[in-house]
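Colleague: Structure file start_28.cif (mmCIF, C-alpha atoms) right here:
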```cif
data_model
#
loop_
_atom_site.label_atom_id
_atom_site.label_comp_id
_atom_site.auth_asym_id
_atom_site.auth_seq_id
_atom_site.Cartn_x
_atom_site.Cartn_y
_atom_site.Cartn_z
CA MET A 22 138.11 -13.67 108.96
CA PRO A 23 135.94 -12.49 111.90
CA SER A 24 132.85 -14.53 112.69
CA SER A 25 129.40 -13.15 111.88
CA VAL A 26 126.22 -13.91 113.79
CA THR A 27 122.59 -13.94 112.71
CA LEU A 28 119.26 -15.18 114.02
CA SER A 29 116.88 -17.27 111.94
CA GLU A 30 113.71 -19.25 112.62
CA CYS A 31 115.86 -22.30 113.43
CA GLY A 32 117.98 -20.39 115.97
CA ILE A 33 121.37 -18.68 116.11
CA ILE A 34 123.69 -19.17 113.14
CA VAL A 35 127.40 -18.29 113.07
CA TYR A 36 129.49 -18.02 109.92
CA ASN A 37 133.14 -18.77 110.75
CA ARG A 38 135.91 -19.16 108.16
CA GLY A 39 133.29 -19.57 105.46
CA LYS A 40 131.53 -22.36 107.40
CA LYS A 41 127.93 -22.30 108.61
CA ILE A 42 127.41 -23.40 112.24
CA LEU A 43 123.98 -23.94 113.82
CA LEU A 44 123.94 -23.25 117.56
CA ASP A 45 121.39 -25.37 119.48
CA PRO A 46 119.01 -25.33 116.49
CA LYS A 47 115.28 -25.85 116.97
CA ARG A 48 115.19 -27.50 113.55
CA LEU A 49 117.82 -28.38 110.99
CA VAL A 50 118.73 -26.50 107.84
CA PRO A 51 121.66 -27.22 105.50
CA SER A 52 124.88 -26.43 107.39
CA ASP A 53 128.50 -27.44 107.90
CA TYR A 54 128.29 -27.99 111.67
CA ILE A 55 125.62 -28.39 114.34
CA PHE A 56 126.49 -27.55 117.93
CA VAL A 57 124.41 -29.12 120.74
CA SER A 58 125.33 -27.54 124.06
CA HIS A 59 123.48 -29.97 126.35
CA ALA A 60 120.65 -32.47 126.54
CA HIS A 61 117.71 -30.38 127.75
CA ILE A 62 114.90 -30.95 125.27
CA ASP A 63 114.63 -27.28 124.25
CA HIS A 64 118.23 -27.56 123.00
CA LEU A 65 117.82 -30.81 121.07
CA HIS A 66 116.63 -31.42 117.53
CA ARG A 67 115.33 -34.36 115.57
CA LYS A 68 116.79 -35.35 112.23
CA THR A 69 115.10 -33.89 109.17
CA ALA A 70 114.85 -36.24 106.20
CA GLY A 71 116.85 -35.03 103.23
CA CYS A 72 118.52 -32.16 105.10
CA MET A 73 122.26 -32.07 104.39
CA VAL A 74 124.12 -31.23 107.59
CA GLY A 75 127.74 -31.63 108.63
CA LYS A 76 129.51 -32.67 111.80
CA ILE A 77 127.77 -32.63 115.17
CA LEU A 78 129.73 -30.84 117.89
CA ALA A 79 128.69 -32.08 121.35
CA SER A 80 130.09 -33.84 124.40
CA LYS A 81 129.90 -37.62 124.68
CA ALA A 82 127.85 -37.18 127.87
CA THR A 83 125.33 -35.03 125.99
CA SER A 84 125.12 -37.70 123.30
CA LEU A 85 124.42 -40.47 125.86
CA ILE A 86 121.85 -38.43 127.79
CA ALA A 87 120.13 -37.27 124.58
CA ASN A 88 119.91 -40.85 123.33
CA ALA A 89 118.33 -41.90 126.65
CA ARG A 90 115.70 -39.20 126.03
CA GLY A 91 114.92 -40.49 122.53
CA TYR A 92 117.08 -38.09 120.50
CA ALA A 93 119.68 -39.52 118.12
CA ILE A 94 122.73 -37.31 118.72
CA ASN A 95 125.48 -39.67 117.59
CA ASN A 96 128.98 -39.57 116.07
CA VAL A 97 129.78 -36.39 117.95
CA TYR A 98 133.03 -34.40 117.89
CA GLU A 99 134.34 -32.73 121.05
CA GLU A 100 137.18 -30.92 119.29
CA CYS A 101 137.81 -30.54 115.56
CA ASP A 102 138.60 -28.05 112.79
CA GLY A 103 139.53 -25.25 115.19
CA PHE A 104 136.41 -25.67 117.35
CA LYS A 105 136.74 -26.50 121.05
CA LEU A 106 134.09 -27.43 123.61
CA ILE A 107 134.32 -25.68 127.01
CA ASP A 108 132.64 -26.82 130.25
CA THR A 109 129.74 -24.53 131.19
CA GLY A 110 128.69 -26.03 134.56
CA HIS A 111 124.98 -26.06 133.63
CA ILE A 112 124.21 -29.80 133.69
CA LEU A 113 126.30 -32.92 133.19
CA GLY A 114 127.96 -32.77 129.77
CA SER A 115 126.99 -29.16 129.05
CA LYS A 116 129.46 -27.27 126.87
CA GLY A 117 130.01 -23.92 125.26
CA LEU A 118 131.56 -23.58 121.81
CA LEU A 119 134.87 -21.76 121.33
CA MET A 120 135.72 -20.85 117.73
CA ASP A 121 139.37 -20.09 116.98
CA LEU A 122 139.72 -18.02 120.18
CA ASP A 123 137.62 -15.45 118.32
CA LEU A 124 134.06 -16.22 119.44
CA TYR A 125 132.56 -18.06 122.41
CA TYR A 126 128.94 -19.21 122.61
CA THR A 127 128.05 -20.07 126.21
CA GLY A 128 124.89 -22.08 125.72
CA ASP A 129 123.37 -22.25 129.22
CA ILE A 130 125.98 -21.54 131.89
CA SER A 131 126.54 -21.60 135.66
CA ILE A 132 129.68 -20.54 137.50
CA ARG A 133 128.53 -21.83 140.92
CA GLU A 134 129.95 -25.05 142.31
CA ARG A 135 127.01 -27.33 143.12
CA ALA A 136 127.80 -30.80 144.53
CA PHE A 137 129.41 -32.68 141.60
CA MET A 138 128.94 -29.76 139.18
CA LYS A 139 132.00 -27.53 138.81
CA PRO A 140 131.88 -23.87 137.68
CA GLY A 141 131.92 -23.19 133.96
CA ALA A 142 135.24 -22.19 132.38
CA LEU A 143 135.58 -18.64 131.01
CA PRO A 144 137.90 -18.11 128.03
CA LYS A 145 138.99 -14.63 126.94
CA VAL A 146 137.58 -13.93 123.47
CA HIS A 147 136.83 -11.14 121.02
CA THR A 148 133.08 -11.90 120.71
CA LEU A 149 130.92 -13.40 123.46
CA ILE A 150 127.45 -14.81 122.78
CA ILE A 151 126.02 -15.16 126.28
CA GLU A 152 122.70 -16.46 127.58
CA SER A 153 120.76 -13.97 129.66
CA THR A 154 117.99 -16.12 131.18
CA PHE A 155 118.31 -14.19 134.46
CA GLY A 156 119.94 -11.08 133.02
CA ASN A 157 117.82 -8.74 135.13
CA PRO A 158 119.19 -7.16 138.33
CA LYS A 159 116.31 -8.45 140.47
CA TYR A 160 117.47 -12.06 139.96
CA ILE A 161 120.25 -12.53 142.50
CA PHE A 162 120.12 -15.99 144.08
CA PRO A 163 120.92 -16.89 147.70
CA SER A 164 123.82 -19.23 148.39
CA ILE A 165 123.43 -22.97 147.81
CA ASP A 166 124.13 -23.56 151.52
CA ASP A 167 121.25 -21.26 152.44
CA VAL A 168 118.83 -23.12 150.15
CA ILE A 169 119.95 -26.50 151.49
CA HIS A 170 119.68 -25.33 155.12
CA LYS A 171 116.15 -23.93 154.68
CA THR A 172 115.00 -27.06 152.87
CA ASN A 173 116.45 -29.40 155.48
CA LYS A 174 114.70 -27.37 158.17
CA ILE A 175 111.33 -27.81 156.46
CA ILE A 176 111.92 -31.53 155.95
CA SER A 177 112.93 -31.94 159.61
CA GLU A 178 109.79 -30.15 160.81
CA MET A 179 107.62 -32.31 158.55
CA TYR A 180 109.34 -35.54 159.65
CA ASP A 181 108.59 -34.66 163.28
CA LYS A 182 104.91 -34.53 162.26
CA GLY A 183 105.04 -37.66 160.11
CA ILE A 184 104.41 -35.68 156.92
CA PRO A 185 106.16 -36.69 153.66
CA VAL A 186 107.88 -34.11 151.46
CA ILE A 187 108.09 -33.93 147.66
CA LEU A 188 111.13 -32.06 146.33
CA MET A 189 110.52 -30.86 142.78
CA GLY A 190 112.96 -29.87 140.06
CA TYR A 191 113.63 -30.37 136.35
CA PRO A 192 114.07 -34.13 135.69
CA LEU A 193 117.49 -33.59 134.08
CA GLY A 194 120.09 -31.55 135.92
CA LYS A 195 118.33 -30.12 138.96
CA ALA A 196 116.75 -33.40 140.10
CA GLN A 197 120.15 -35.08 140.23
CA LEU A 198 121.48 -32.27 142.43
CA LEU A 199 118.44 -32.61 144.70
CA THR A 200 119.18 -36.34 144.93
CA ASP A 201 122.72 -35.49 146.05
CA PHE A 202 121.77 -32.66 148.43
CA PHE A 203 118.97 -34.53 150.24
CA GLY A 204 119.92 -38.18 149.80
CA HIS A 205 120.74 -38.44 153.50
CA TRP A 206 117.04 -38.53 154.39
CA ASP A 207 115.49 -41.97 154.79
CA PRO A 208 113.67 -43.25 152.93
CA VAL A 209 114.10 -41.37 149.64
CA TYR A 210 111.99 -42.31 146.62
CA ILE A 211 112.63 -41.20 143.06
CA HIS A 212 109.96 -40.43 140.47
CA ASP A 213 110.23 -42.81 137.51
CA ALA A 214 111.09 -40.01 135.02
CA ILE A 215 114.00 -38.95 137.22
CA HIS A 216 115.10 -42.49 138.09
CA LYS A 217 116.02 -43.04 134.42
CA MET A 218 118.16 -39.89 134.31
CA ASN A 219 119.80 -40.76 137.65
CA PHE A 220 120.79 -44.12 136.16
CA VAL A 221 122.46 -42.39 133.19
CA TYR A 222 124.31 -40.04 135.56
CA LYS A 223 125.59 -43.03 137.54
CA GLU A 224 126.73 -44.67 134.30
CA LEU A 225 128.70 -41.48 133.63
CA GLY A 226 130.45 -41.73 137.00
CA ILE A 227 128.28 -39.54 139.29
CA PRO A 228 127.80 -41.43 142.61
CA LEU A 229 124.12 -40.72 143.23
CA LYS A 230 122.32 -42.57 145.99
CA SER A 231 120.32 -45.56 144.78
CA ALA A 232 116.64 -45.27 145.64
CA VAL A 233 113.37 -47.08 144.98
CA LYS A 234 111.27 -45.81 142.07
CA PHE A 235 107.95 -44.12 142.86
CA SER A 236 105.92 -46.72 140.92
CA THR A 237 107.60 -49.58 142.79
CA ALA A 238 107.18 -47.88 146.17
CA GLU A 239 103.48 -47.24 145.53
CA ARG A 240 102.85 -50.76 144.25
CA GLN A 241 104.51 -52.25 147.34
CA GLY A 242 102.64 -49.95 149.72
CA LEU A 243 105.84 -48.26 150.93
CA LEU A 244 104.41 -44.74 150.64
CA ALA A 245 101.83 -45.51 153.32
CA LYS A 246 104.72 -45.74 155.80
CA LYS A 247 105.28 -42.06 156.43
CA PRO A 248 107.29 -39.85 156.46
CA TRP A 249 109.48 -39.99 153.37
CA VAL A 250 111.15 -37.73 150.81
CA MET A 251 110.51 -38.00 147.08
CA ILE A 252 112.40 -36.34 144.22
CA SER A 253 109.87 -35.45 141.54
CA PRO A 254 109.67 -33.39 138.32
CA LEU A 255 108.61 -29.78 138.84
CA THR A 256 104.93 -29.50 138.03
CA HIS A 257 101.94 -27.39 139.02
CA GLY A 258 100.28 -28.03 142.35
CA ARG A 259 96.99 -28.67 140.53
CA SER A 260 98.45 -31.52 138.46
CA ASN A 261 96.79 -34.90 138.95
CA PHE A 262 100.02 -36.34 140.36
CA ILE A 263 100.37 -33.73 143.11
CA LYS A 264 96.65 -33.75 143.95
CA ASN A 265 96.86 -37.53 144.30
CA MET A 266 99.96 -37.32 146.55
CA LYS A 267 98.24 -34.81 148.81
CA GLU A 268 94.96 -36.69 149.01
CA LYS A 269 96.54 -40.09 149.68
CA TYR A 270 99.60 -39.16 151.76
CA ASP A 271 99.15 -35.52 152.94
CA ALA A 272 102.50 -34.69 151.32
CA ILE A 273 103.81 -31.14 151.11
CA THR A 274 105.65 -29.79 148.07
CA ILE A 275 108.87 -27.80 147.70
CA GLY A 276 109.72 -26.53 144.21
CA PHE A 277 113.19 -25.38 143.13
CA SER A 278 113.53 -22.70 140.45
CA GLY A 279 115.45 -19.52 139.80
CA TRP A 280 112.10 -17.86 139.05
CA ALA A 281 111.24 -18.27 142.75
CA MET A 282 113.06 -14.95 143.30
CA ASP A 283 109.70 -13.54 142.21
CA THR A 284 107.45 -14.16 145.23
CA ARG A 285 104.45 -14.53 142.92
CA HIS A 286 105.96 -17.67 141.40
CA LYS A 287 105.02 -19.83 144.40
CA PHE A 288 101.36 -18.90 144.00
CA MET A 289 101.51 -19.27 140.22
CA MET A 290 102.87 -22.81 140.69
CA GLY A 291 100.40 -23.67 143.46
CA LEU A 292 103.10 -25.28 145.64
CA ASP A 293 103.61 -25.13 149.41
CA HIS A 294 107.16 -23.75 149.19
CA MET A 295 109.47 -22.45 146.46
CA MET A 296 113.26 -22.24 146.76
CA PRO A 297 115.29 -19.92 144.48
CA PHE A 298 117.78 -22.36 143.00
CA SER A 299 118.93 -22.54 139.40
CA ASP A 300 121.40 -24.23 137.08
CA HIS A 301 121.86 -20.86 135.34
CA CYS A 302 123.92 -17.86 136.36
CA ASP A 303 122.09 -15.16 138.25
CA TYR A 304 122.46 -11.51 137.24
CA ARG A 305 125.67 -10.85 139.18
CA GLU A 306 127.26 -14.04 137.89
CA LEU A 307 126.40 -13.13 134.30
CA VAL A 308 128.20 -9.82 134.80
CA ASP A 309 131.18 -11.76 136.21
CA VAL A 310 131.22 -13.98 133.12
CA VAL A 311 131.37 -10.92 130.89
CA LYS A 312 134.15 -9.28 132.91
CA LYS A 313 136.29 -12.43 132.97
CA CYS A 314 135.85 -13.16 129.26
CA ASN A 315 136.62 -9.46 128.60
CA PRO A 316 135.16 -9.42 125.07
CA LYS A 317 135.20 -6.54 122.61
CA LYS A 318 131.69 -7.44 121.41
CA ILE A 319 128.81 -9.06 123.34
CA ILE A 320 125.62 -10.60 121.97
CA THR A 321 122.96 -11.55 124.54
CA PHE A 322 120.32 -14.19 123.91
CA HIS A 323 117.36 -15.78 125.68
CA GLY A 324 115.46 -14.48 128.71
CA PHE A 325 116.19 -10.84 129.54
CA SER A 326 118.47 -10.34 126.54
CA VAL A 327 117.39 -6.74 125.85
CA ASP A 328 117.64 -5.69 129.52
CA PHE A 329 121.02 -7.35 130.00
CA ALA A 330 122.47 -5.78 126.86
CA LYS A 331 121.27 -2.39 128.11
CA VAL A 332 122.96 -2.92 131.49
CA LEU A 333 126.21 -3.97 129.81
CA ARG A 334 126.21 -0.89 127.59
CA ARG A 335 125.95 1.26 130.72
CA MET A 336 129.04 -0.53 132.00
CA GLY A 337 130.90 0.48 128.85
CA PHE A 338 130.63 -2.74 126.86
CA ASP A 339 129.63 -2.99 123.21
CA ALA A 340 126.56 -5.18 123.80
CA GLU A 341 123.50 -6.02 121.72
CA SER A 342 120.59 -8.42 122.04
CA ILE A 343 120.44 -11.13 119.38
CA ASN A 344 116.82 -10.09 118.89
CA ASN A 345 117.95 -6.70 117.62
CA ILE A 346 120.07 -8.35 114.94
CA SER A 347 117.26 -9.91 112.94
CA LEU A 348 114.11 -10.75 114.94
CA ARG A 349 112.25 -8.63 117.49
CA ASP A 350 112.15 -9.65 121.15
CA LYS A 351 108.57 -10.10 122.36
CA ARG A 352 109.55 -9.50 126.00
CA LYS A 353 108.85 -5.92 127.05
CA PRO A 354 112.17 -4.40 128.19
CA LEU A 355 112.45 -2.71 131.55
CA SER A 356 112.43 1.07 131.60
CA ASP A 357 115.63 2.96 132.42
CA ASN A 358 114.16 4.05 135.77
CA THR A 359 113.30 0.47 136.74
CA LEU A 360 116.76 -0.78 135.84
CA ASP A 361 118.33 2.07 137.81
CA LYS A 362 116.27 1.11 140.86
CA TYR A 363 117.35 -2.54 140.77
CA ILE A 364 121.00 -1.71 140.13
CA SER A 365 121.14 0.82 142.98
CA ASN A 366 119.54 -1.68 145.37
CA ILE A 367 122.24 -4.29 144.78
CA GLY A 368 125.19 -1.91 144.66
#
```
Show me, as C-alpha cells, the structure contained in the file I just sent.

Modeller:
Amino acid sequence: MPSSVTLSECGIIVYNRGKKILLDPKRLVPSDYIFVSHAHIDHLHRKTAGCMVGKILASKATSLIANARGYAINNVYEECDGFKLIDTGHILGSKGLLMDLDLYYTGDISIRERAFMKPGALPKVHTLIIESTFGNPKYIFPSIDDVIHKTNKIISEMYDKGIPVILMGYPLGKAQLLTDFFGHWDPVYIHDAIHKMNFVYKELGIPLKSAVKFSTAERQGLLAKKPWVMISPLTHGRSNFIKNMKEKYDAITIGFSGWAMDTRHKFMMGLDHMMPFSDHCDYRELVDVVKKCNPKKIITFHGFSVDFAKVLRRMGFDAESINNISLRDKRKPLSDNTLDKYISNIG
C-alpha cells in the first residue's frame, strides 16, 4: 500500500502500511511511531502525559545529545518493522527515515563533506519528502575552503593587532565544526553552552580540541591576555554578552550562517562579519538530492517550500509543497519572473 502524507498542527504525518508515523513532531498525538531526525531543539518534543505513542525511531547519538539538552528521547530504534534510518550529514547523529524503499523523509540534510561530517546518503525512492530551507536559487554557498580561508585571514589580521575574535554559530552542529576548523589558533576558548555539546561529541568519538570554558577563562583573567579566539553561540551584536565582550576586550565578531548569502543579514545581526556557511544543502545541492533520489513524487517542506516545488515542476518533476496539502504557507512565493532571473544567473 503506498504511503500517504498529510500536515497537521503537530507536524508532518505519514500513514504507511496502516501505521501512523509522526515526523519530527512539535507535539505528540496518538501514533504508532515517532521519528526524531536529530537533536536540534526545533525537532525535539517533550512527553505529553496520557498520550499513547509507539516506538521512537532515532539514532543513538540523537538520543544521547537530546538527553544532554534536557529532552528524554530514550529506548530508540535505528531499524525496525521495515523502517531504516539513513545518514543525512546535517549534524552528528542526524538521520532521514526510509520506509519500505517507498518513501524517504530527509529531515535536515547536507551533502557537503565538512571536517568529520560526511555527505548524506541518497536512496532511490518513489516518494521524496525533502526539506527546502534554502530552496531558492539565490542561496548558493561558497566552498568550505573559501569560508575557512577568509576567516583565517581575518583572524590573522586581528592577531597582528592584538584583537580577539569571537566565532559564532549554532551551539549544536555548527559550533563543533568551527572548533575543528579553527582549533589551531592559540588560545581558543569555548562558550559554556558549546563546551557541554563539545563534550558530548567527544564522548561519541569526535576528536575535538580541548579548550578552556569562557566562564573559567574570565574568572581566571585569561581573556585580558589578548589576542584569543572564542567559539560562541550565534547571537545579535546588541546582546549583553557581545556588548560586554566588545567593551571589555575590544573583540570583533564573525557569524556563520547560510542566510549570510543575503548581504542584509550582517546588518540585521549587528555583527562585524558574516560568513555564508550552513549545515543544510544550498539550492544546487537540493536539486542534486532530487536528481539522485530520482523520485516519482516530491513533497517539499520548510523554508522556501513553495518556490522549490515550483522550480522542480519546471524541471519536469511532480512536486508539491507540503503547505499546499493541508495548511497554507505564510511565506510569499517568488514571482515567475524573479525565479527566472535567479535561475538564468546561475546557469

Colleague: Taking the file as I've supplied it (selection: the PyMOL selection byres ((chain A and resi 136) around 10)), which residues are included? Please answer as an MDAnalysis selection string.

Modeller: chainID A and resid 133:135 137:139 165 197:199 201:202

Colleague: Would you mind listing, for every residue of segment 140-170 of chain A within 8 Å of segment 271-288 of chain A, the two atoms forming the shortest contact and the distance between them in Å to one decimal, using all atoms listed in the file, sorted by chain and ascending residue number, as CSV?

Modeller:
```
residue,atom,partner,partner_atom,distance
A:Lys159,CA,A:Met282,CA,7.8
A:Tyr160,CA,A:Met282,CA,6.2
A:Ile161,CA,A:Met282,CA,7.6
A:Phe162,CA,A:Met282,CA,7.2
```

Colleague: Using only C-alpha atoms, which residue out of A:Lys76, A:Lys230, A:Lys171, A:Lys223 lies closest to Trp206 of chain A?

Modeller: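 Of A:Lys76, A:Lys230, A:Lys171, A:Lys223, the one nearest Trp206 of chain A is A:Lys230, counting only C-alpha atoms.
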
Colleague: Within 12 Å of segment 290-314 of chain A, which residues of segment 156-218 of chain A show up? Give each one with its shortest atom-to-atom distance in Å (one decimal) and the two atoms involved, counting only C-alpha atoms, rows by chain then rising residue number, as CSV.

Modeller:
```
residue,atom,partner,partner_atom,distance
A:Gly156,CA,A:Tyr304,CA,4.9
A:Asn157,CA,A:Tyr304,CA,5.8
A:Pro158,CA,A:Tyr304,CA,5.6
A:Lys159,CA,A:Tyr304,CA,7.6
A:Tyr160,CA,A:Tyr304,CA,5.7
A:Ile161,CA,A:Asp303,CA,5.3
A:Phe162,CA,A:Asp303,CA,6.2
A:Pro163,CA,A:Pro297,CA,7.2
A:Ser164,CA,A:Phe298,CA,8.7
A:Ile165,CA,A:Phe298,CA,7.4
A:Asp166,CA,A:Phe298,CA,10.7
A:Asp167,CA,A:Met296,CA,9.9
A:Val168,CA,A:Met296,CA,6.6
A:Ile169,CA,A:Met296,CA,9.2
A:His170,CA,A:Met296,CA,11.0
A:Lys171,CA,A:Met296,CA,8.6
A:Thr172,CA,A:Met296,CA,8.0
A:Asn173,CA,A:Met296,CA,11.7
A:Ile175,CA,A:His294,CA,9.3
A:Ile176,CA,A:His294,CA,11.4
A:Val186,CA,A:Asp293,CA,10.2
A:Ile187,CA,A:Asp293,CA,10.0
A:Leu188,CA,A:His294,CA,9.6
A:Met189,CA,A:Met295,CA,9.2
A:Gly190,CA,A:Phe298,CA,9.4
A:Tyr191,CA,A:Asp300,CA,9.9
A:Leu193,CA,A:Asp300,CA,10.6
A:Gly194,CA,A:Asp300,CA,7.5
A:Lys195,CA,A:Asp300,CA,6.9
A:Ala196,CA,A:Asp300,CA,10.7
A:Gln197,CA,A:Asp300,CA,11.4
A:Leu198,CA,A:Asp300,CA,9.7
A:Leu199,CA,A:Phe298,CA,10.4
```

Colleague: Show me, as a VMD selection string, the residues that have an atom within 8 Å of segment 44-53 of chain A when counting all atoms listed in the file, minus same-chain residues fewer than 2 positions from it.

Modeller: chain A and resid 31 to 35 40 to 42 55 to 58 63 to 69 72 to 76 128

Colleague: Just say which residues the PyMOL selection byres ((chain A and resi 246) around 10) picks in this file, as number ranges by chain.

Modeller: A: 183, 185, 208, 242-245, 247-249, 270

Colleague: Next, write the just-selected residues to a file, as a compact mmCIF listing (two decimals), in the frame of the given file, keeping C-alpha atoms as the atom set.

Modeller:
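In the end it all went to result-v6.txt:
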```
# COMPACT_ATOMS: atom_id res chain seq x y z
CA GLY A 183 105.04 -37.66 160.11
CA PRO A 185 106.16 -36.69 153.66
CA PRO A 208 113.67 -43.25 152.93
CA GLY A 242 102.64 -49.95 149.72
CA LEU A 243 105.84 -48.26 150.93
CA LEU A 244 104.41 -44.74 150.64
CA ALA A 245 101.83 -45.51 153.32
CA LYS A 247 105.28 -42.06 156.43
CA PRO A 248 107.29 -39.85 156.46
CA TRP A 249 109.48 -39.99 153.37
CA TYR A 270 99.60 -39.16 151.76
```

Colleague: When the PyMOL selection byres ((chain A and resi 92) around 10) is applied to the structure above, which residues does it catch, written out as an MDAnalysis selection string?

Modeller: chainID A and resid 60 62 65:68 84:91 93:95

Colleague: Looking at all atoms listed in the file, which of A:Leu113, A:Leu149, A:Val332, A:Ile252 is the one that sits closest to Tyr125 of chain A?

Modeller: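 That would be A:Leu149, the residue with the smallest distance to Tyr125 of chain A.
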
Colleague: As an exercise, work out the distance from atom CA of Asn37 of chain A to atom CA of Ser24 of chain A in Å and give it to one decimal place.

Modeller: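 Distance between the two atoms: 4.7 Å.
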
Colleague: Mind giving me the straight-line distance from atom CA of Pro192 of chain A to atom CA of Leu143 of chain A in Å, one decimal?

Modeller: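 Here the two named atoms are 26.9 Å from each other.
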
Colleague: Mind pulling up the distance from atom CA of His147 of chain A to atom CA of Pro316 of chain A?

Modeller: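 Atom CA of His147 of chain A lies at a distance of 4.7 Å from atom CA of Pro316 of chain A.
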
Colleague: Which one is closest to Ile107 of chain A: A:Asp328, A:Ile77, A:Gly141, A:Glu224? Count all atoms listed in the file.

Modeller: A:Gly141
